[in-house]
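Visitor: Following this line is final_9.txt, made up of compact mmCIF, C-alpha atoms:
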# COMPACT_ATOMS: atom_id res chain seq x y z
CA MET A 7 0.00 0.00 0.00
CA ALA A 8 1.21 3.47 -0.83
CA ASN A 9 2.65 5.50 2.00
CA ASP A 10 0.44 8.49 1.25
CA THR A 11 -2.53 6.72 2.89
CA LEU A 12 -0.84 7.25 6.22
CA ILE A 13 -1.97 10.50 7.77
CA LYS A 14 0.36 12.03 10.27
CA ASN A 15 -0.94 13.85 13.31
CA GLU A 16 0.24 17.19 12.00
CA THR A 17 -1.82 16.89 8.84
CA ARG A 18 -5.13 15.69 10.26
CA VAL A 19 -8.22 17.73 9.48
CA SER A 20 -11.27 18.16 11.70
CA PRO A 21 -14.77 17.87 10.13
CA ALA A 22 -15.49 21.62 10.23
CA ALA A 23 -11.96 22.88 9.57
CA HIS A 24 -12.84 24.18 6.09
CA LEU A 25 -15.73 26.19 7.60
CA TYR A 26 -13.57 27.99 10.15
CA GLN A 27 -13.69 31.38 8.42
CA GLU A 28 -17.41 31.19 7.63
CA MET A 29 -18.23 30.37 11.25
CA ALA A 30 -16.09 33.30 12.42
CA ASP A 31 -17.80 35.65 9.93
CA ALA A 32 -21.27 34.53 11.02
CA SER A 33 -20.60 35.21 14.68
CA VAL A 34 -22.23 38.31 16.12
CA PRO A 35 -19.97 40.08 18.65
CA GLY A 36 -21.56 40.08 22.07
CA ALA A 37 -24.54 37.94 21.05
CA LEU A 38 -23.56 34.81 19.18
CA SER A 39 -20.49 32.83 18.36
CA LEU A 40 -20.10 29.55 16.52
CA SER A 41 -16.93 27.48 16.50
CA GLU A 42 -15.70 23.93 16.38
CA VAL A 43 -14.07 22.07 19.25
CA ALA A 44 -11.70 19.91 17.24
CA PHE A 45 -10.16 16.56 18.15
CA SER A 46 -11.79 15.97 21.51
CA THR A 47 -11.98 12.42 22.81
CA LYS A 48 -15.31 10.61 23.02
CA VAL A 49 -15.64 7.09 24.30
CA SER A 50 -18.81 5.03 24.19
CA VAL A 51 -19.44 2.88 27.25
CA ARG A 52 -22.14 0.23 27.40
CA CYS A 53 -22.83 -1.61 30.62
CA ALA A 54 -25.95 -2.30 32.65
CA PRO A 55 -26.46 -0.32 35.88
CA GLY A 56 -25.95 -2.51 38.91
CA SER A 57 -23.42 -4.78 37.21
CA ALA A 58 -19.80 -5.18 38.29
CA GLY A 59 -18.63 -3.61 35.02
CA PHE A 60 -20.78 -0.53 35.63
CA ASP A 61 -19.30 0.00 39.08
CA ALA A 62 -15.76 -0.52 37.79
CA VAL A 63 -16.13 1.96 34.91
CA ALA A 64 -17.96 4.45 37.14
CA THR A 65 -14.96 4.45 39.48
CA ALA A 66 -12.47 4.67 36.62
CA THR A 67 -14.04 7.78 35.07
CA GLY A 68 -13.52 9.57 38.38
CA VAL A 69 -16.95 11.20 38.15
CA GLY A 70 -19.24 8.15 38.08
CA LEU A 71 -21.80 7.32 35.40
CA PRO A 72 -25.11 9.17 34.99
CA GLN A 73 -28.27 7.24 35.82
CA LYS A 74 -31.10 9.20 34.29
CA VAL A 75 -31.97 11.09 31.13
CA GLY A 76 -30.20 14.41 30.70
CA GLU A 77 -27.80 13.85 33.55
CA VAL A 78 -24.13 14.71 32.98
CA ARG A 79 -21.44 13.65 35.43
CA GLY A 80 -18.30 15.73 35.54
CA GLU A 81 -17.34 18.94 33.81
CA VAL A 82 -16.80 19.94 30.22
CA ASP A 83 -13.21 21.08 30.79
CA THR A 84 -11.98 17.85 32.35
CA VAL A 85 -13.99 14.70 31.82
CA ALA A 86 -17.77 14.42 31.48
CA VAL A 87 -20.06 11.44 31.07
CA LEU A 88 -23.29 11.92 29.13
CA TRP A 89 -26.36 9.71 29.40
CA LEU A 90 -27.43 8.24 26.05
CA GLY A 91 -29.57 5.37 27.31
CA PRO A 92 -30.12 3.30 30.45
CA ASP A 93 -27.01 1.26 29.63
CA GLU A 94 -25.23 3.53 27.17
CA PHE A 95 -22.96 6.46 28.03
CA LEU A 96 -20.59 8.80 26.26
CA VAL A 97 -17.41 9.85 28.01
CA ALA A 98 -16.29 13.21 26.62
CA ALA A 99 -12.90 14.69 27.41
CA PRO A 100 -10.31 16.99 25.91
CA GLU A 101 -7.89 15.03 23.75
CA ASP A 102 -6.76 11.94 25.63
CA ALA A 103 -5.50 9.05 23.53
CA GLN A 104 -5.23 6.73 26.53
CA LEU A 105 -8.78 7.12 27.85
CA ALA A 106 -10.49 4.39 25.81
CA ALA A 107 -7.77 1.85 26.55
CA LYS A 108 -7.90 2.71 30.24
CA LEU A 109 -11.67 2.26 30.47
CA ASP A 110 -11.57 -0.89 28.36
CA GLN A 111 -9.01 -2.37 30.69
CA THR A 112 -11.19 -1.44 33.66
CA LEU A 113 -14.23 -3.12 32.17
CA GLY A 114 -12.12 -6.23 31.59
CA GLU A 115 -14.13 -9.39 31.01
CA ASN A 116 -17.36 -7.96 32.38
CA PRO A 117 -20.33 -7.81 29.98
CA GLY A 118 -20.37 -4.52 28.10
CA GLN A 119 -18.18 -2.60 25.72
CA VAL A 120 -15.89 0.39 25.52
CA VAL A 121 -15.30 1.87 22.07
CA ASP A 122 -13.34 4.94 21.01
CA LEU A 123 -15.83 7.09 19.08
CA SER A 124 -13.78 10.28 18.91
CA ALA A 125 -14.21 10.57 15.15
CA ASN A 126 -17.89 9.59 15.20
CA ARG A 127 -19.25 13.01 16.09
CA SER A 128 -17.99 16.51 15.53
CA VAL A 129 -18.35 19.05 18.31
CA LEU A 130 -19.73 22.51 17.53
CA GLU A 131 -19.90 25.18 20.18
CA LEU A 132 -22.59 27.83 20.04
CA THR A 133 -22.29 30.56 22.64
CA GLY A 134 -24.04 33.81 23.41
CA ALA A 135 -27.25 35.17 24.83
CA LYS A 136 -29.13 34.49 21.59
CA ALA A 137 -28.01 30.86 21.32
CA PRO A 138 -31.31 29.36 22.57
CA LEU A 139 -33.19 31.41 19.96
CA VAL A 140 -31.01 29.94 17.22
CA LEU A 141 -31.43 26.40 18.51
CA ARG A 142 -35.16 26.74 19.00
CA LYS A 143 -35.67 27.31 15.29
CA SER A 144 -35.19 23.64 14.57
CA CYS A 145 -34.89 21.76 17.84
CA PRO A 146 -38.11 20.30 19.27
CA ALA A 147 -36.69 19.81 22.78
CA ASP A 148 -37.73 22.08 25.64
CA LEU A 149 -34.76 24.44 26.02
CA HIS A 150 -36.27 26.54 28.80
CA PRO A 151 -33.84 26.81 31.75
CA ARG A 152 -36.54 25.16 33.87
CA ALA A 153 -36.26 21.99 31.78
CA PHE A 154 -32.72 22.34 30.43
CA ALA A 155 -30.33 23.34 33.19
CA VAL A 156 -26.61 23.95 32.82
CA ASN A 157 -24.67 20.68 32.34
CA HIS A 158 -27.70 18.85 30.98
CA ALA A 159 -27.42 16.86 27.75
CA ILE A 160 -29.95 14.98 25.65
CA THR A 161 -30.21 13.20 22.36
CA THR A 162 -32.53 15.24 20.19
CA SER A 163 -32.76 16.57 16.68
CA LEU A 164 -31.55 19.82 15.18
CA ALA A 165 -31.78 20.86 11.56
CA ASN A 166 -33.72 17.64 10.90
CA ILE A 167 -30.84 15.40 11.93
CA PRO A 168 -30.17 13.60 15.21
CA VAL A 169 -27.68 15.38 17.46
CA LEU A 170 -26.47 15.35 21.01
CA LEU A 171 -27.22 18.69 22.61
CA TRP A 172 -25.28 19.63 25.72
CA ARG A 173 -25.66 22.85 27.65
CA THR A 174 -22.15 23.41 28.95
CA GLY A 175 -22.68 26.80 30.50
CA GLU A 176 -25.21 29.54 31.15
CA GLU A 177 -24.84 30.75 27.56
CA SER A 178 -22.88 28.01 25.87
CA TRP A 179 -24.13 24.92 24.09
CA ARG A 180 -22.33 22.03 22.46
CA ILE A 181 -23.93 20.43 19.44
CA MET A 182 -22.65 17.03 18.39
CA PRO A 183 -23.89 15.78 15.05
CA ARG A 184 -22.46 12.75 13.29
CA ALA A 185 -19.25 13.84 11.58
CA SER A 186 -20.70 13.54 8.06
CA PHE A 187 -23.53 15.93 9.00
CA THR A 188 -21.12 18.62 10.19
CA GLU A 189 -21.26 20.81 7.10
CA HIS A 190 -25.05 20.59 6.96
CA THR A 191 -25.35 21.54 10.65
CA VAL A 192 -22.86 24.39 10.41
CA ARG A 193 -24.53 25.91 7.34
CA TRP A 194 -27.95 25.54 8.96
CA LEU A 195 -26.72 27.30 12.10
CA ILE A 196 -25.04 30.06 10.11
CA ASP A 197 -28.32 30.63 8.27
CA ALA A 198 -30.21 30.69 11.57
CA MET A 199 -27.75 33.25 12.97
CA ILE A 200 -28.11 35.79 10.14
CA GLU A 201 -31.08 37.64 11.60
CA PHE A 202 -29.18 38.46 14.78
CA ARG A 203 -26.56 40.48 12.90
CA THR A 204 -28.83 43.49 12.74
CA GLU A 205 -30.37 45.36 15.64
CA THR A 206 -33.94 44.49 16.57
CA ILE A 207 -36.33 47.14 15.33
CA MET B 9 -47.67 15.62 16.52
CA MET B 10 -48.17 13.22 19.43
CA LEU B 11 -46.10 13.35 22.59
CA ILE B 12 -45.06 9.82 23.50
CA ASP B 13 -43.89 9.10 27.01
CA CYS B 14 -40.68 7.07 26.69
CA PRO B 15 -40.15 5.06 29.90
CA HIS B 16 -36.49 6.16 29.94
CA CYS B 17 -36.48 9.65 28.41
CA GLY B 18 -39.86 11.09 29.29
CA PRO B 19 -42.21 12.80 26.83
CA ARG B 20 -40.73 13.21 23.34
CA ASN B 21 -42.08 14.00 19.90
CA GLU B 22 -43.67 11.23 17.90
CA ASN B 23 -41.09 11.52 15.07
CA GLU B 24 -38.35 10.22 17.37
CA PHE B 25 -40.14 6.89 17.64
CA GLY B 26 -40.51 3.86 15.46
CA TYR B 27 -43.52 1.59 15.44
CA GLY B 28 -43.05 -2.14 16.02
CA GLY B 29 -46.52 -3.59 15.55
CA GLU B 30 -48.53 -5.68 17.97
CA ALA B 31 -46.93 -6.56 21.30
CA HIS B 32 -46.99 -9.90 23.12
CA VAL B 33 -46.70 -12.05 19.98
CA ALA B 34 -44.74 -14.99 21.34
CA TYR B 35 -42.21 -16.81 19.18
CA PRO B 36 -43.48 -20.39 18.59
CA GLU B 37 -42.07 -23.02 20.95
CA ASN B 38 -41.15 -25.40 18.14
CA PRO B 39 -41.08 -23.47 14.87
CA ALA B 40 -39.90 -26.54 12.93
CA GLU B 41 -43.09 -28.41 13.81
CA LEU B 42 -45.45 -25.73 12.52
CA THR B 43 -47.40 -26.20 9.34
CA ASP B 44 -47.05 -23.52 6.67
CA LYS B 45 -50.42 -22.17 7.64
CA GLU B 46 -49.51 -21.86 11.34
CA TRP B 47 -46.15 -20.29 10.45
CA SER B 48 -47.79 -17.72 8.19
CA ARG B 49 -50.26 -17.00 10.98
CA TYR B 50 -47.33 -16.24 13.27
CA LEU B 51 -45.43 -14.19 10.71
CA PHE B 52 -48.09 -12.11 9.02
CA TYR B 53 -51.35 -12.10 11.01
CA ARG B 54 -51.82 -9.38 13.60
CA GLY B 55 -54.74 -7.93 15.49
CA ASN B 56 -56.40 -4.86 14.06
CA LYS B 57 -58.34 -3.87 17.09
CA LYS B 58 -60.59 -0.86 17.41
CA GLY B 59 -59.91 0.47 20.90
CA VAL B 60 -57.15 -0.30 23.38
CA PHE B 61 -54.28 -2.05 21.58
CA ALA B 62 -50.95 -3.28 23.00
CA GLU B 63 -48.08 -2.44 20.67
CA ARG B 64 -44.31 -2.15 20.54
CA TRP B 65 -42.46 1.11 20.03
CA VAL B 66 -38.78 1.96 19.81
CA HIS B 67 -37.27 5.30 20.77
CA SER B 68 -34.85 5.34 17.85
CA GLY B 69 -34.17 9.08 18.11
CA GLY B 70 -33.24 8.89 21.78
CA CYS B 71 -32.29 6.01 24.07
CA ARG B 72 -32.81 3.42 21.29
CA LYS B 73 -34.75 1.14 23.64
CA TRP B 74 -37.86 -0.87 22.85
CA PHE B 75 -40.91 -0.62 25.05
CA ASN B 76 -44.58 -1.54 24.99
CA ALA B 77 -47.52 0.82 25.02
CA LEU B 78 -51.28 0.63 25.30
CA ARG B 79 -52.82 2.94 22.75
CA ASP B 80 -56.41 3.62 21.87
CA THR B 81 -56.55 3.13 18.10
CA VAL B 82 -59.62 5.34 17.84
CA SER B 83 -58.37 8.43 19.68
CA TYR B 84 -54.58 7.72 19.37
CA GLU B 85 -54.40 8.29 23.10
CA PHE B 86 -51.52 6.56 24.92
CA LEU B 87 -53.04 4.96 28.00
CA ALA B 88 -49.90 3.34 29.41
CA VAL B 89 -46.26 2.66 28.60
CA TYR B 90 -44.41 -0.28 30.12
CA GLY B 91 -41.15 -2.14 29.63
CA ALA B 92 -40.50 -4.72 26.94
CA GLY B 93 -41.17 -8.16 28.39
CA GLU B 94 -43.48 -6.87 31.09
CA ALA B 95 -47.09 -8.01 31.41
CA GLN B 96 -49.81 -5.84 29.95
CA PRO B 97 -51.19 -3.52 32.65
CA GLU B 98 -54.89 -3.39 33.41
CA ILE B 99 -56.52 -0.18 32.30
CA GLN B 100 -59.23 1.03 34.66
CA GLN B 101 -59.75 4.56 33.52
CA LEU B 102 -60.36 4.86 29.79
CA GLN B 103 -61.06 8.59 29.82
CA GLY B 104 -58.28 11.17 30.12
CA GLY B 105 -54.73 9.95 30.65
CA THR B 106 -51.69 11.28 28.83
CA ARG B 107 -53.09 12.56 25.61
Take the structure in the file and give it back as structure tokens.

Guide:
Amino acid sequence: MANDTLIKNETRVSPAAHLYQEMADASVPGALSLSEVAFSTKVSVRCAPGSAGFDAVATATGVGLPQKVGEVRGEVDTVAVLWLGPDEFLVAAPEDAQLAAKLDQTLGENPGQVVDLSANRSVLELTGAKAPLVLRKSCPADLHPRAFAVNHAITTSLANIPVLLWRTGEESWRIMPRASFTEHTVRWLIDAMIEFRTETI
Amino acid sequence: MMLIDCPHCGPRNENEFGYGGEAHVAYPENPAELTDKEWSRYLFYRGNKKGVFAERWVHSGGCRKWFNALRDTVSYEFLAVYGAGEAQPEIQQLQGGTR
């Protein structure tokens, strides 16, 4: 096989890299900002609550595993575990090549699985006071602070595609579509942000 | 748009769910011993009840889990949701509920 199929670390490209300038241009100073969080680590964990594997992985993450819909254990800046289903979780962390191997080793022979899904989803960050207004244009979930507190994450849809939506701060949201839907999601969000460029009349 | 109460995720929009047909259709004990007629009955014949109907749903746009639901096929009203493999609950009150 030809050597040019090998991609070195220095030359890797994130799913929204080619949209960097467009996202920057679409941002509205003081109200809205869209950017990509490139190359973060995401690890899928599947194990049934109450099992030995669940307890082992919960200890290994350092923050436990969430047990109900929307719950997020941990923090966005260090390591966070998102609830995807009663026995399915997503461990999200800044780049950490050892994380999947570490959790897999912890799970050992117990029933369940640990898979590195870092490249499965892209991570877009939408911040600003107007962010909920942008999201509400195409997301059916209840985004009211009463129902969607800070550090709450759910599987929902945005721009007609399934995404993981995670409120990481008072005015910051992370949107995680499948990597191949990145361009679609970014262009949809840019279009939804246009109206906020001008002052409200 | 109906709101369907997923047992794991709570109320979500209907378009996140997939329909799985009639619930509580048991796989035959000895499929090899069935006649063609009995096998076709198992494969293709389902109830088409007017009124309360037990059916399977999957929350494909969320937790991806299967569950059972009792739905009134006349009013589309969901009367109960319960786990896959659980027995069908008795419905006392046929008016109201989670519409």

Visitor: Taking only C-alpha atoms into account, name the residue in B:His32, B:Gly69, B:Phe61, B:Gly26 that is nearest to Pro146 in chain A.

Guide: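 Residue with the minimum atom-to-atom distance to Pro146 in chain A: B:Gly69.
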
Visitor: In terms of the shortest atom-to-atom distance over only C-alpha atoms, which of B:Trp47, B:Trp74, B:Tyr53, B:Trp65 is closest to chain A?

Guide: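 Checking each candidate against chain A, we get B:Trp74 as the closest.
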
Visitor: Kindly provide, as a list in words, the residues of chain A having any atom no farther than 8 Å from an atom of chain B, counting all atoms listed in the file.

Guide: Lys74, Val75, Leu90, Gly91, Pro92, Pro146, Ala147, Ile160, Thr161, Thr162, Ser163 and Pro168 of chain A

Visitor: Based on the selection just made, write C-alpha atoms of those residues as a PDB file, in the coordinates of the input.

Guide:
ATOM      1  CA  LYS A  74     -31.100   9.200  34.290  1.00  0.00           C
ATOM      2  CA  VAL A  75     -31.970  11.090  31.130  1.00  0.00           C
ATOM      3  CA  LEU A  90     -27.430   8.240  26.050  1.00  0.00           C
ATOM      4  CA  GLY A  91     -29.570   5.370  27.310  1.00  0.00           C
ATOM      5  CA  PRO A  92     -30.120   3.300  30.450  1.00  0.00           C
ATOM      6  CA  PRO A 146     -38.110  20.300  19.270  1.00  0.00           C
ATOM      7  CA  ALA A 147     -36.690  19.810  22.780  1.00  0.00           C
ATOM      8  CA  ILE A 160     -29.950  14.980  25.650  1.00  0.00           C
ATOM      9  CA  THR A 161     -30.210  13.200  22.360  1.00  0.00           C
ATOM     10  CA  THR A 162     -32.530  15.240  20.190  1.00  0.00           C
ATOM     11  CA  SER A 163     -32.760  16.570  16.680  1.00  0.00           C
ATOM     12  CA  PRO A 168     -30.170  13.600  15.210  1.00  0.00           C
TER      13      PRO A 168
END

Visitor: Give me, as a PyMOL selection string, all polymer residues having an atom no more than 8 Å from Ala62 in chain B, counting only C-alpha atoms and skipping those fewer than 6 positions away in the same chain.

Guide: chain B and resi 30-32+76-79+96

Visitor: Which residue gives the smallest distance to Gly76 in chain A among A:Cys53, A:Ala64, A:Arg173, A:Gln111, with all atoms listed in the file counted?

Guide: A:Arg173

Visitor: Write out as a list in words the residues lying within 9 Å of Arg127 in chain A, counting only C-alpha atoms and excluding same-chain residues fewer than 4 positions away.

Guide: Pro21, Lys48, Leu123, Val169, Met182, Pro183, Arg184, Ala185, Ser186, Phe187 and Thr188 of chain A

Visitor: Take the point (-47.5, -15.3, 14.3) in the file's coordinates, draw a sphere of radius 12 Å around it, and report as a CSV table (one decimal) with C-alpha atoms, keeping the file's coordinate frame every protein, DNA or RNA residue with an atom inside or on it, counting all atoms listed in the file.

Guide:
chain,number,residue,atom,x,y,z
B,29,GLY,CA,-46.5,-3.6,15.6
B,30,GLU,CA,-48.5,-5.7,18.0
B,31,ALA,CA,-46.9,-6.6,21.3
B,32,HIS,CA,-47.0,-9.9,23.1
B,33,VAL,CA,-46.7,-12.0,20.0
B,34,ALA,CA,-44.7,-15.0,21.3
B,35,TYR,CA,-42.2,-16.8,19.2
B,36,PRO,CA,-43.5,-20.4,18.6
B,37,GLU,CA,-42.1,-23.0,21.0
B,39,PRO,CA,-41.1,-23.5,14.9
B,42,LEU,CA,-45.4,-25.7,12.5
B,43,THR,CA,-47.4,-26.2,9.3
B,44,ASP,CA,-47.0,-23.5,6.7
B,45,LYS,CA,-50.4,-22.2,7.6
B,46,GLU,CA,-49.5,-21.9,11.3
B,47,TRP,CA,-46.2,-20.3,10.4
B,48,SER,CA,-47.8,-17.7,8.2
B,49,ARG,CA,-50.3,-17.0,11.0
B,50,TYR,CA,-47.3,-16.2,13.3
B,51,LEU,CA,-45.4,-14.2,10.7
B,52,PHE,CA,-48.1,-12.1,9.0
B,53,TYR,CA,-51.4,-12.1,11.0
B,54,ARG,CA,-51.8,-9.4,13.6
B,55,GLY,CA,-54.7,-7.9,15.5

Visitor: Quick one: distance from CA of Gly114 in chain A to CA of Pro55 in chain A in Å, one decimal?

Guide: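 Straight-line distance from CA of Gly114 in chain A to CA of Pro55 in chain A works out to 16.1 Å.
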
Visitor: From (-33.4, 26.1, 22.1), in the file's coordinates, out to 10 Å: which residues are reached, counting all atoms listed in the file? Answer as a list in words.

Guide: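 All residues meeting the 10 Å criterion around (-33.4, 26.1, 22.1) are Lys136, Ala137, Pro138, Leu139, Val140, Leu141, Arg142, Lys143, Ser144, Cys145, Pro146, Ala147, Asp148, Leu149, His150, Pro151, Phe154, Leu164, Leu171 and Trp179 of chain A.
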
Visitor: One decimal, in Å: what's the spacing between CA of Val34 in chain A and CA of Glu81 in chain A?

Guide: 26.7 Å

Visitor: Please identify all polymer residues within 6 Å of Ala86 in chain A, counting all atoms listed in the file, omitting same-chain residues fewer than 6 positions from it, and present them as a list in words.

Guide: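 Contacts, in chain order: Arg79, Gly80, Val97 and Ala98 of chain A.
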
Visitor: Please measure the separation of CA of His158 in chain A and CA of Ser178 in chain A, giving the value in Å to one decimal.

Guide: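 Atom-to-atom, CA of His158 in chain A to CA of Ser178 in chain A, that is 11.5 Å.
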
Visitor: Pick from A:Thr133, A:Gln104, A:Thr65, A:Gln73: nearest to Gly36 in chain A, with only C-alpha atoms counted?

Guide: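 Comparing A:Thr133, A:Gln104, A:Thr65, A:Gln73 against Gly36 in chain A, the winner is A:Thr133.
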
Visitor: Between A:Ala155, A:Leu109, A:Val63, A:Ala103, which residue has the minimum interatomic distance to Ser46 in chain A, considering all atoms listed in the file?

Guide: A:Ala103
